[in-house]
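Undergrad: You'll find entry.cif just under this line, and it carries mmCIF, C-alpha atoms.
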```
data_run
loop_
_atom_site.label_atom_id
_atom_site.label_comp_id
_atom_site.auth_asym_id
_atom_site.auth_seq_id
_atom_site.Cartn_x
_atom_site.Cartn_y
_atom_site.Cartn_z
CA MET D 1 94.48 71.85 82.34
CA ASN D 2 92.82 74.40 80.07
CA LEU D 3 91.01 72.51 77.33
CA LEU D 4 88.31 73.06 74.71
CA ALA D 5 86.31 70.10 73.37
CA PHE D 6 83.44 69.77 70.92
CA ASP D 7 81.57 67.13 68.94
CA THR D 8 79.21 67.60 65.98
CA GLY D 9 79.19 64.05 64.62
CA THR D 10 75.61 63.26 65.69
CA ASP D 11 72.29 65.13 65.88
CA VAL D 12 73.52 66.74 69.13
CA MET D 13 76.18 69.45 69.23
CA SER D 14 78.23 69.26 72.42
CA VAL D 15 80.80 71.84 73.53
CA ALA D 16 82.75 72.10 76.79
CA VAL D 17 85.64 74.10 78.24
CA ALA D 18 87.78 73.06 81.19
CA ARG D 19 89.92 75.45 83.20
CA THR D 20 92.01 74.99 86.31
CA VAL D 21 91.21 77.74 88.83
CA ASP D 22 93.19 77.89 92.08
CA GLY D 23 94.16 74.27 91.63
CA GLN D 24 90.56 73.16 91.05
CA ALA D 25 89.19 71.92 87.72
CA ARG D 26 86.07 73.72 86.51
CA GLN D 27 83.90 73.08 83.46
CA TRP D 28 81.50 75.06 81.29
CA GLN D 29 79.22 73.10 78.93
CA HIS D 30 76.80 73.78 76.09
CA THR D 31 74.50 71.33 74.30
CA ALA D 32 72.31 72.16 71.30
CA THR D 33 70.84 70.74 68.12
CA GLY D 34 73.54 69.43 65.80
CA GLY D 35 73.24 68.44 62.17
CA ALA D 36 73.21 71.28 59.67
CA LYS D 37 72.91 73.92 62.42
CA ALA D 38 76.30 73.00 63.86
CA SER D 39 78.15 74.68 61.01
CA THR D 40 76.70 78.06 62.01
CA ASP D 41 76.26 77.60 65.77
CA LEU D 42 79.51 75.91 66.79
CA ILE D 43 81.93 78.84 66.74
CA PRO D 44 79.58 81.24 68.59
CA ALA D 45 79.03 78.55 71.25
CA ILE D 46 82.79 78.04 71.63
CA LEU D 47 83.48 81.75 71.97
CA ASP D 48 80.71 82.13 74.54
CA LEU D 49 82.08 79.30 76.72
CA LEU D 50 85.61 80.69 76.49
CA ARG D 51 84.26 84.06 77.58
CA GLN D 52 82.46 82.46 80.53
CA ALA D 53 85.67 80.67 81.52
CA ASP D 54 87.71 83.86 81.01
CA LEU D 55 90.04 82.04 78.63
CA LYS D 56 91.63 82.97 75.33
CA LEU D 57 92.45 80.41 72.67
CA ALA D 58 96.15 80.90 73.38
CA ASP D 59 95.54 79.84 76.99
CA LEU D 60 94.50 76.33 75.94
CA GLN D 61 96.75 73.28 76.20
CA ALA D 62 94.78 71.54 73.43
CA ILE D 63 91.64 71.72 71.31
CA CYS D 64 89.81 68.38 71.30
CA PHE D 65 87.28 67.38 68.65
CA GLY D 66 85.14 64.32 68.00
CA ALA D 67 87.02 62.72 65.11
CA GLY D 68 84.42 60.09 64.28
CA PRO D 69 83.06 57.87 63.10
CA GLY D 70 79.86 59.83 62.62
CA SER D 71 78.06 62.16 60.24
CA PHE D 72 80.26 63.11 57.29
CA THR D 73 79.24 66.77 57.42
CA GLY D 74 79.45 66.89 61.22
CA LEU D 75 82.94 65.41 61.30
CA ARG D 76 84.21 67.80 58.65
CA THR D 77 82.70 70.72 60.57
CA ALA D 78 84.38 69.74 63.84
CA CYS D 79 87.75 69.02 62.23
CA SER D 80 87.85 72.23 60.20
CA VAL D 81 86.86 74.38 63.18
CA ALA D 82 89.48 72.70 65.38
CA GLN D 83 92.13 73.25 62.71
CA GLY D 84 91.15 76.88 62.13
CA LEU D 85 91.13 77.81 65.80
CA ALA D 86 94.33 75.93 66.63
CA PHE D 87 96.37 77.04 63.63
CA GLY D 88 96.12 80.73 64.42
CA VAL D 89 97.46 80.40 67.98
CA GLY D 90 99.73 77.37 67.66
CA VAL D 91 97.69 75.15 69.99
CA PRO D 92 97.84 71.36 69.39
CA VAL D 93 94.73 69.49 68.25
CA LEU D 94 93.56 66.29 69.92
CA PRO D 95 91.35 64.09 67.68
CA VAL D 96 89.22 61.94 69.99
CA ASP D 97 87.66 58.69 68.82
CA SER D 98 83.91 59.34 69.01
CA LEU D 99 83.14 55.74 70.00
CA LEU D 100 85.64 55.92 72.86
CA ALA D 101 83.89 59.10 74.00
CA VAL D 102 80.57 57.20 73.90
CA ALA D 103 82.09 54.51 76.11
CA GLU D 104 83.37 57.12 78.56
CA ASP D 105 80.01 58.92 78.60
CA ALA D 106 78.29 55.63 79.49
CA ARG D 107 80.84 54.75 82.16
CA TYR D 108 80.56 58.13 83.84
CA SER D 109 76.76 58.37 83.71
CA ALA D 110 75.87 54.77 84.55
CA LEU D 111 78.73 53.14 86.41
CA ASP D 112 81.04 55.82 87.73
CA GLY D 113 83.12 54.21 90.45
CA ARG D 114 83.49 50.82 88.79
CA SER D 115 87.15 50.00 88.23
CA SER D 116 86.63 47.34 85.55
CA LEU D 117 84.30 47.56 82.53
CA VAL D 118 83.95 46.34 78.96
CA VAL D 119 81.92 48.74 76.80
CA THR D 120 80.70 48.08 73.28
CA ALA D 121 79.96 51.55 71.89
CA ALA D 122 77.49 51.93 69.04
CA LEU D 123 76.39 54.99 67.08
CA ASP D 124 73.64 55.07 64.47
CA ALA D 125 75.30 55.10 61.04
CA ARG D 126 71.95 55.32 59.21
CA MET D 127 71.36 53.02 56.20
CA ASP D 128 70.41 50.26 58.71
CA GLU D 129 73.96 50.06 60.11
CA LEU D 130 75.91 50.91 63.26
CA TYR D 131 79.38 52.26 63.91
CA THR D 132 80.82 50.16 66.71
CA ALA D 133 83.97 49.46 68.71
CA THR D 134 84.69 47.78 72.05
CA TYR D 135 86.87 49.08 74.86
CA ALA D 136 88.07 47.89 78.26
CA TYR D 137 88.27 50.20 81.25
CA GLU D 138 90.63 49.09 83.99
CA SER D 139 91.67 51.19 86.99
CA GLY D 140 91.11 54.50 85.24
CA VAL D 141 92.67 53.59 81.87
CA TRP D 142 90.89 52.79 78.59
CA SER D 143 92.22 50.32 76.01
CA GLU D 144 90.78 49.19 72.70
CA LEU D 145 89.63 45.57 72.35
CA LEU D 146 87.91 45.75 68.96
CA GLY D 147 88.54 48.59 66.52
CA SER D 148 85.90 50.64 64.73
CA ALA D 149 83.67 48.76 62.31
CA LEU D 150 80.42 49.13 60.42
CA VAL D 151 77.85 46.39 61.17
CA ARG D 152 74.14 45.67 60.98
CA PRO D 153 72.29 45.97 64.31
CA GLU D 154 71.90 42.21 64.64
CA ASP D 155 75.61 41.62 64.13
CA LEU D 156 76.82 43.68 67.08
CA GLN D 157 78.91 41.21 69.08
CA ARG D 158 80.14 40.85 72.61
CA PHE D 159 83.85 40.96 73.32
CA PRO D 160 85.71 39.26 74.83
CA PRO D 161 84.16 35.79 74.40
CA ALA D 162 82.88 34.09 77.51
CA ASP D 163 85.78 31.60 77.58
CA THR D 164 88.40 34.33 78.14
CA GLY D 165 87.55 34.55 81.81
CA GLN D 166 86.79 38.27 81.58
CA SER D 167 84.59 39.11 84.57
CA ALA D 168 84.21 42.83 84.00
CA THR D 169 80.76 44.38 83.75
CA TRP D 170 79.72 44.56 80.09
CA LEU D 171 77.76 47.49 78.65
CA ILE D 172 76.33 48.24 75.23
CA ALA D 173 76.24 52.03 74.98
CA GLY D 174 75.15 54.52 72.36
CA ASN D 175 72.24 56.16 70.57
CA VAL D 176 71.00 53.07 68.70
CA PHE D 177 68.37 51.64 71.04
CA ALA D 178 65.50 53.98 70.16
CA VAL D 179 66.18 53.44 66.45
CA TYR D 180 66.79 49.68 66.26
CA GLY D 181 65.24 48.40 69.50
CA GLU D 182 65.59 44.67 70.13
CA ARG D 183 67.46 44.18 66.87
CA VAL D 184 70.63 45.49 68.57
CA ALA D 185 72.94 42.49 69.19
CA SER D 186 70.02 40.07 68.68
CA GLY D 187 72.36 37.68 66.88
CA ASP D 188 74.50 37.29 70.01
CA PRO D 189 73.03 35.11 72.79
CA ALA D 190 75.27 36.82 75.34
CA SER D 191 73.60 40.18 74.66
CA ALA D 192 70.98 39.43 77.30
CA GLN D 193 73.75 39.86 79.89
CA ALA D 194 74.67 43.35 78.76
CA GLN D 195 73.41 46.51 80.40
CA ARG D 196 72.18 48.94 77.75
CA VAL D 197 73.06 52.58 78.38
CA PRO D 198 72.01 55.54 76.20
CA ALA D 199 75.14 57.59 75.55
CA LEU D 200 76.71 60.03 73.10
CA SER D 201 80.12 61.37 72.19
CA THR D 202 79.94 64.34 74.54
CA ALA D 203 82.46 67.12 74.96
CA ALA D 204 82.54 66.46 78.70
CA ALA D 205 83.55 62.85 78.04
CA MET D 206 86.32 64.05 75.74
CA LEU D 207 87.64 66.35 78.47
CA ARG D 208 87.87 63.37 80.85
CA LEU D 209 89.69 61.33 78.19
CA ALA D 210 92.07 64.11 77.20
CA PRO D 211 94.74 63.67 79.92
CA GLN D 212 95.26 59.99 79.04
CA LEU D 213 95.31 60.72 75.30
CA LEU D 214 97.66 63.68 75.63
CA ALA D 215 100.02 61.65 77.82
CA ALA D 216 100.02 58.97 75.12
CA GLY D 217 101.13 61.53 72.52
CA LYS D 218 97.87 61.58 70.54
CA ALA D 219 97.86 65.36 69.99
CA VAL D 220 98.83 66.58 66.51
CA ALA D 221 99.60 69.85 64.78
CA ALA D 222 96.52 71.59 63.38
CA GLN D 223 97.33 70.74 59.76
CA ASP D 224 97.65 67.04 60.59
CA ALA D 225 94.22 66.61 62.22
CA LEU D 226 91.90 64.29 60.28
CA PRO D 227 88.41 62.87 60.81
CA SER D 228 87.74 59.13 60.84
CA TYR D 229 84.97 58.23 58.39
CA ILE D 230 84.86 54.35 58.39
CA ARG D 231 82.16 54.33 55.70
CA ASP D 232 83.08 55.51 52.20
CA LYS D 233 79.54 56.25 51.04
CA VAL D 234 76.60 58.17 52.51
CA ALA D 235 73.67 56.88 50.45
CA LYS D 236 72.57 53.77 48.63
CA THR D 237 72.63 53.79 44.84
CA THR D 238 69.44 53.66 42.77
CA ALA D 239 70.29 50.08 41.83
CA GLU D 240 70.75 49.09 45.49
CA ARG D 241 67.42 50.64 46.47
CA ALA D 242 65.68 48.92 43.53
CA ALA D 243 67.21 45.55 44.49
CA GLU D 244 66.06 45.95 48.09
CA LYS D 245 62.54 46.86 46.97
CA ALA D 246 62.39 43.85 44.63
CA ALA D 247 63.62 41.54 47.38
CA ALA D 248 61.02 42.87 49.81
CA GLN D 249 58.21 42.45 47.24
CA SER D 250 59.42 38.92 46.49
CA ALA D 251 59.39 38.05 50.18
CA VAL D 252 55.82 39.31 50.53
CA GLY D 253 54.74 37.33 47.47
CA ALA D 254 56.31 34.15 48.87
#
```
Show this structure as structure tokens.
TA:
Amino acid sequence: MNLLAFDTGTDVMSVAVARTVDGQARQWQHTATGGAKASTDLIPAILDLLRQADLKLADLQAICFGAGPGSFTGLRTACSVAQGLAFGVGVPVLPVDSLLAVAEDARYSALDGRSSLVVTAALDARMDELYTATYAYESGVWSELLGSALVRPEDLQRFPPADTGQSATWLIAGNVFAVYGERVASGDPASAQAQRVPALSTAAAMLRLAPQLLAAGKAVAAQDALPSYIRDKVAKTTAERAAEKAAAQSAVGA
């Protein structure tokens, strides 16, 4: 398949193009600083990879983008670029759950070859919170066990519970370990059993997910593509910050 994928929902901008050449799948990838720079650097990076792959936009079967959860600005950037590119040439858009892409990135980098996995994906949501979801991987197919949620690092939980008989390898994957350290899943005694794997929502992971998602009918027309925000606010209010400061001072005084 000929596919374009990109993600700008974290501090890393990831872009990849896949093309089938003489029956063989080939990939071209680009990784750079995300954040505010993604709004100016994304389109030039896409055009450069398409040039390297000798593809035009009209040659693509789909344009995949990291739909979130993630940075508000990053998600809007990715969605608007996907819509703009796809609309002009009539190519469908494939919104890819960013947490599912994290799970796939971890599976591929850490445990490629395992047929059965449970992955709890976690991305830093700032404000002392995580975006998280849990997925099962069985014989090449992903399924969702727990949908996207916003939790504190300590409240990240294992799924499924131990009494379900699930014997699959369990991973916690994401970009949260350097930020929150041992706080991640510290409220769950079973967390000691989990392998922790640094991972991101990469464009390469989205390309691997695309065939399953396209077969499931997840592609949409350009005008119908939407990001997934989860959180409805990006900063704490003055009152919330003042309350937190007062509580911290009170705790020190006690």
Undergrad: Do you know which residues are at most 10 Å from stretch 109-118 of chain D counting only C-alpha atoms, after dropping those on the same chain fewer than 3 positions away, and could you put them as a count of residues only?
TA: 35
Undergrad: Compare D:Asp7, D:Asp41, D:Asp48, D:Asp224 by their minimum atom-to-atom distance to D:Ser98, counting all atoms listed in the file, and give me the closest one.
TA: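 Going through D:Asp7, D:Asp41, D:Asp48, D:Asp224 one by one, the smallest distance to D:Ser98 is for D:Asp7.
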Undergrad: What does the structure give for the distance between atom CA of D:Ala125 and atom CA of D:Gly84, in Å to one decimal?
TA: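 If I compute the distance from atom CA of D:Ala125 to atom CA of D:Gly84, I get 27.0 Å.
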Undergrad: Which polymer residues have any atom within 10 Å of an atom of D:Thr40, counting all atoms listed in the file, with same-chain residues fewer than 5 positions away left out, as a JSON list (two decimals) with C-alpha atoms, keeping the file's coordinate frame?
TA:
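Saved the output as around.json:
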```
[["chain", "number", "residue", "atom", "x", "y", "z"],
["D", 34, "GLY", "CA", 73.54, 69.43, 65.80],
["D", 45, "ALA", "CA", 79.03, 78.55, 71.25],
["D", 77, "THR", "CA", 82.70, 70.72, 60.57]]
```
Undergrad: Leaving out D:Asp128 and any residue of its chain fewer than 6 positions from it, which residues lie within 10 Å of it when counting all atoms listed in the file, given as a ChimeraX atom specification?
TA: /D:151-153,179-180
Undergrad: Now that the selection is made, can you save its residues with C-alpha atoms as a PDB file, in the coordinates of the input?
TA:
```pdb
ATOM      1  CA  VAL D 151      77.850  46.390  61.170  1.00  0.00           C
ATOM      2  CA  ARG D 152      74.140  45.670  60.980  1.00  0.00           C
ATOM      3  CA  PRO D 153      72.290  45.970  64.310  1.00  0.00           C
ATOM      4  CA  VAL D 179      66.180  53.440  66.450  1.00  0.00           C
ATOM      5  CA  TYR D 180      66.790  49.680  66.260  1.00  0.00           C
TER       6      TYR D 180
END
```
Undergrad: What gap, in Å, lies between atom CA of D:Leu209 and atom CA of D:Leu3?
TA: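 The value is 11.3 Å.
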Undergrad: Excluding D:Met13 and any residue of its chain fewer than 4 positions from it, enumerate the residues within 8 Å of it, using all atoms listed in the file, and give them as an MDAnalysis selection string.
TA: chainID D and resid 6:9 31:35 38 42
Undergrad: Report, in Å with one decimal, the straight-line distance from atom CA of D:Thr132 to atom CA of D:Gly217.
TA: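 The value is 24.0 Å.
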Undergrad: Between D:Leu57, D:Leu75, D:Ile63, D:Ala122, which residue has the minimum interatomic distance to D:Ala185, considering only C-alpha atoms?
TA: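 Of D:Leu57, D:Leu75, D:Ile63, D:Ala122, the one nearest D:Ala185, counting only C-alpha atoms, is D:Ala122.
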Undergrad: Counting all atoms listed in the file, figure out which residue out of D:Ala190, D:Pro227, D:Met206, D:Ala149 gets nearest to D:Ser14.
TA: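 The closest residue to D:Ser14 is D:Met206.
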Undergrad: Leaving out D:Met1 and any residue of its chain fewer than 4 positions from it, which residues lie within 9 Å of it when counting all atoms listed in the file, given as a list in words?
TA: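 Skipping anything fewer than 4 positions along the chain leaves Ala18, Arg19, Thr20, Ala25, Leu60, Gln61, Ala62 and Pro211 of chain D.
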Undergrad: Go through the shown structure with the PyMOL selection byres ((chain D and resi 64) around 9) and write out the matching residues as number ranges by chain.
TA: D: 3-7, 62-63, 65-67, 82, 92-96, 203, 206-207, 210, 219
Undergrad: Taking the file above as input, evaluate the PyMOL selection byres ((chain D and resi 201) around 6) and report the hits as a list in words.
TA: Ser98, Ala101, Val102, Leu200 and Thr202 of chain D
Undergrad: Looking at all atoms listed in the file, which of D:Thr10, D:Gln24, D:Ser80, D:Asn175 is the one that sits closest to D:Ile43?
TA: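 Result for the nearest residue to D:Ile43: D:Ser80.
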Undergrad: Find the residue from D:Thr120, D:Gln52, D:Gln83, D:Ser191 that sits nearest to D:Ala221; use only C-alpha atoms when measuring.
TA: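 That would be D:Gln83, the residue with the smallest distance to D:Ala221.
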Undergrad: Which residue is closest to D:Tyr108? Choose from D:Arg208, D:Ser71, D:Asp59, D:Ser228 and count all atoms listed in the file.
TA: D:Arg208
